[in-house]
Structures are given as C-alpha cells and as structure tokens.
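**Student:** First, the structure itself, so that you have it in front of you.
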Amino acid sequence: MTTAEKSFKLIFVNKDFNEIELRKFDLNLLLVFSAIMNEGSVGAAAKRLYIGPSAISMALNRLRDAVGDPLFVRSGNGVVPTPRAERLWDEVRPALGTINSAVRPKSFDPATSETSFRLGVPDDLEFLLVPRLLARLALIAPSVRLIVQPIDFRNMFARLDDGGVDVGLSALPARPIEARHRVKVLQQETFSVLYDARHEAISDTRSMAGFLATPQILVSIAGDLSGPIDTALTKRSLSRTLIGSVARFATIPFILRHRPVLACVPRTSAAYLSREFDLKAEQLPFPSPQFDLGLAWHSRTDADPAHLWFRQIVEEEVSALTTTLP
C-alpha cells in the first residue's frame, strides 16, 4: 500500500460519520425540519419549500419515526418545537450551513483575499513579467502573494501535476496535451539576434555569412549545444559557431558586454534586454523559428474563481508587455 493510499484509508477510517448508515436516512427530511423551525408553521414551511402541506406532513411523520420524538406540537395557528427538536436544531443548523457554504459557487474578492498563487515561468520572462505582476497585485490585491518557480516546456506539466505551480507560462510543446491539462496560446514568438555593438569584432550580423562566422552563446537549461536555431540551420545544411551554453537568460547580457559574441533569444526578451543593457537586437538573416507562448494549468483549477482571476491577470500583463515592445 502506498503512502497516499494509507493516508486516504486513515482519513476514511477517522471520519465522524458513516455513509452506509446515512444512506438509511433521507437527508431531505432535515430541510423540512429546518423550514418548520424557521417558519413555526407547517403551511408556511410548505410555501418556503414550494411543496404542498400534505408533503410536509408526510415528511415530518417520517422524521418523527426516525428520531423517536414528535418534534413539534400544535400551538395556536402554528407549532412549537419539543426539547428534542431544539437540541436537534442546535446540531443540524450549523451542519446545514456548512453544507450550503461548501456546495455554493465561491466568489473571489482580490481586494481582501490572502491567497498565494504559484507561477511557473522561465527566467527570460521572469525578469520582464514579475515586476509588472507585483505592481498590479499591489494595487488591486495587496494581500495576495506571488510565488515564482522556474519552469520550461519540458517540466511545466509535471509541475502542474505535483502542485509545484498553479499556472505555467512558457513555450508550449509541439506534442499533444493530455486531457488533465489546459493550455491557452497567448502569442507566437520568434527569435532575435542580440549583441553589444561596441565590440569592433562584430561587424556583419545581417548577412548569413557574417552571422555564421561570428561566435555565439546558447541558452540551454538542459545543457545542450543545440537549439531551435541550429535545427533551422541544419535544414539549410548550415551550422553556426557556438562557444558554449548557459542555463539562464539573465547571464546573457553580461557575457555580451565582455565578449564579441551573439546570442539568439526570443524576440520579447531581446527587446527588453537591448533596452536595459544598451545592446543591439536585430532580426535573424533567415526566417526565424517560431513557437507558441502560452498559459498552462491543471484541470482541477479550471473553474476555480481565484485561479480564473489570476490567469486573467497574467494574460493581461503579458499582452500589455508585448504591445509596448518595439
């Protein structure tokens, strides 16, 4: 027996009710009991529940038999509860309130919520998006907390499965998406060439010959020495000159500042890095590989109001971010 199975069995054994016993009792009778307690009259209870007085009387008789007490006695134009009914009401009323609260759709108020959301995002989008999200949350949801985790398209769905992240924002894989996962494509991304134009050794990046001859650095979380650019070049029977790879996009501007090399990075990140670090961003000298950038989440949070709200906020900030880029 696995740990999860043992935990489930423990929870089941420790329940303070027994489903088999409760099946013998019509729980709808408690709604009739509640209506009579609230209205003090069988006729008024019938109107409250939109059923006939005879149906109320029949249900009340069944409840009396089940608990072994008359529960109500006539008084004037209505009924009054017996001591047993009052004790029953003290226990039933909060239970019905708990059930009602549990089954009703939950609303979400970002202004008062203290919810934490886990966002998975690769680092090239983390330094662009997270400051914007934190600023947005500070205005409209000051007590909501944002927990950012590193992901990429290789591990994003596994992190959704294990609860490590609530929402993933990344390149979407080309493989089919499993039914338990949800995705929404936000935009299509291409690649740009990024470099420091102050290096005299970099003189020609717009021609294919210059691009291929200039040393380049690759970003690869997996530690590879090949990526989408190399795949596209191979189809043309071409190859570029790679000097190595790094695991994080955040390292790229510091390498470019000190070395006369090129880096091919997603266009959105390239535009930001060029502006913040005084670098040059240009189009590739051949049609760029493309990929879908999108949100991903688990089906278990698909209809949750809080998660719906958070996904909408992330989507809006990604849209605002990309529309302001050159």
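Ligands are numbered from 1 in the order shown, residues from 1 within each chain, and chains are lettered A, B, ... in the order they appear in the structure tokens.
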Which residues, written as a list in words, have at least one atom at most 9 Å from stretch 55-61 of chain A, with only C-alpha atoms counted and residues fewer than 3 positions away on the same chain left out?
**Tutor:** Asn28, Leu29, Val32, Phe33, Ile36, Val42, Gly43, Ala45, Ala46, Ile51, Gly52, Arg64, Asp65, Ala66, Pro70 and Leu71 of chain A
**Student:** Wanna dump the stretch 239-302 of chain A-stretch 202-205 of chain A contacts at 9 Å for me, each residue with its shortest atom pair and the distance in Å to one decimal, counting only C-alpha atoms, ordered by chain and number, as JSON lines?
**Tutor:**
```
{"residue": "A:Pro260", "atom": "CA", "partner": "A:Ile202", "partner_atom": "CA", "distance": 6.2}
{"residue": "A:Val261", "atom": "CA", "partner": "A:Ile202", "partner_atom": "CA", "distance": 7.5}
{"residue": "A:Leu262", "atom": "CA", "partner": "A:Ile202", "partner_atom": "CA", "distance": 8.6}
{"residue": "A:Glu282", "atom": "CA", "partner": "A:Thr205", "partner_atom": "CA", "distance": 8.3}
{"residue": "A:Leu284", "atom": "CA", "partner": "A:Thr205", "partner_atom": "CA", "distance": 8.2}
{"residue": "A:Pro285", "atom": "CA", "partner": "A:Thr205", "partner_atom": "CA", "distance": 7.5}
```
**Student:** List every residue of stretch 66-265 of chain A that DSSP, applied to the backbone of this structure, assigns to alpha helix (DSSP H), and report them as an MDAnalysis selection string.
**Tutor:** chainID A and resid 66:67 83:103 123:140 156:161 208:213 228:234 252:258
**Student:** Among stretch 115-165 of chain A, which residues does DSSP mark as strand (DSSP E) when it is run on the backbone? Keep the chain and numbering as in the structure and answer as a list in words.
**Tutor:**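 Everything in stretch 115-165 of chain A that counts as strand (DSSP E) is Ser116, Phe117, Arg118, Leu119, Gly120, Arg145, Leu146, Ile147, Val148 and Gln149 of chain A.
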**Student:** If you measure from atom CA of A:Glu315 to atom CA of A:Gly294, what distance in Å do you get, rounded to one decimal?
**Tutor:** 8.9 Å
**Student:** Go through stretch 83-154 of chain A and flag each residue having an atom no more than 12 Å from stretch 220-244 of chain A; for those, report the closest pair of atoms plus their distance in Å to one decimal, using only C-alpha atoms, ordered by chain and rising number, as CSV.
**Tutor:**
```
residue,atom,partner,partner_atom,distance
A:Pro122,CA,A:Ile221,CA,9.5
A:Asp123,CA,A:Ile221,CA,10.2
A:Asp124,CA,A:Ile221,CA,11.5
A:Pro150,CA,A:Ile221,CA,10.4
A:Ile151,CA,A:Ile221,CA,9.5
A:Asp152,CA,A:Ile221,CA,8.2
A:Phe153,CA,A:Ile221,CA,10.6
A:Arg154,CA,A:Ala222,CA,9.4
```
**Student:** What are the nearest atom pairs, with distances in Å to one decimal, for all residues of stretch 232-284 of chain A that come at most 12 Å from stretch 175-188 of chain A, using only C-alpha atoms, set out by chain and rising residue number as a Markdown table?
**Tutor:**
```
| residue | atom | partner | partner_atom | distance |
| --- | --- | --- | --- | --- |
| A:Pro266 | CA | A:Gln188 | CA | 10.3 |
| A:Arg267 | CA | A:Gln188 | CA | 10.1 |
| A:Thr268 | CA | A:Gln188 | CA | 10.4 |
```
**Student:** For A:Leu30, list every protein, DNA or RNA residue within 9 Å, evaluated using only C-alpha atoms, and leave out those in the same chain fewer than 4 positions away; present the list as a PyMOL selection string.
**Tutor:** chain A and resi 26+34-35+63+92+96
**Student:** What's around A:Ile313 at 10 Å? Count only C-alpha atoms, leave out sequence neighbours fewer than 4 positions away in its own chain, and write the answer as a PyMOL selection string.
**Tutor:** chain A and resi 133+136-137+307-309+317-319
**Student:** Please compute the atom CA of A:Phe291-atom CA of A:Val265 distance, one decimal, in Å.
**Tutor:**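 One can read the atom CA of A:Phe291 to atom CA of A:Val265 distance as 12.1 Å.
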**Student:** Which residue out of A:Thr98, A:Thr214, A:Thr322, A:Thr301 has the minimum interatomic distance to A:Gly163 when only C-alpha atoms are used?
**Tutor:**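 For A:Gly163, the nearest of the candidates is A:Thr301.
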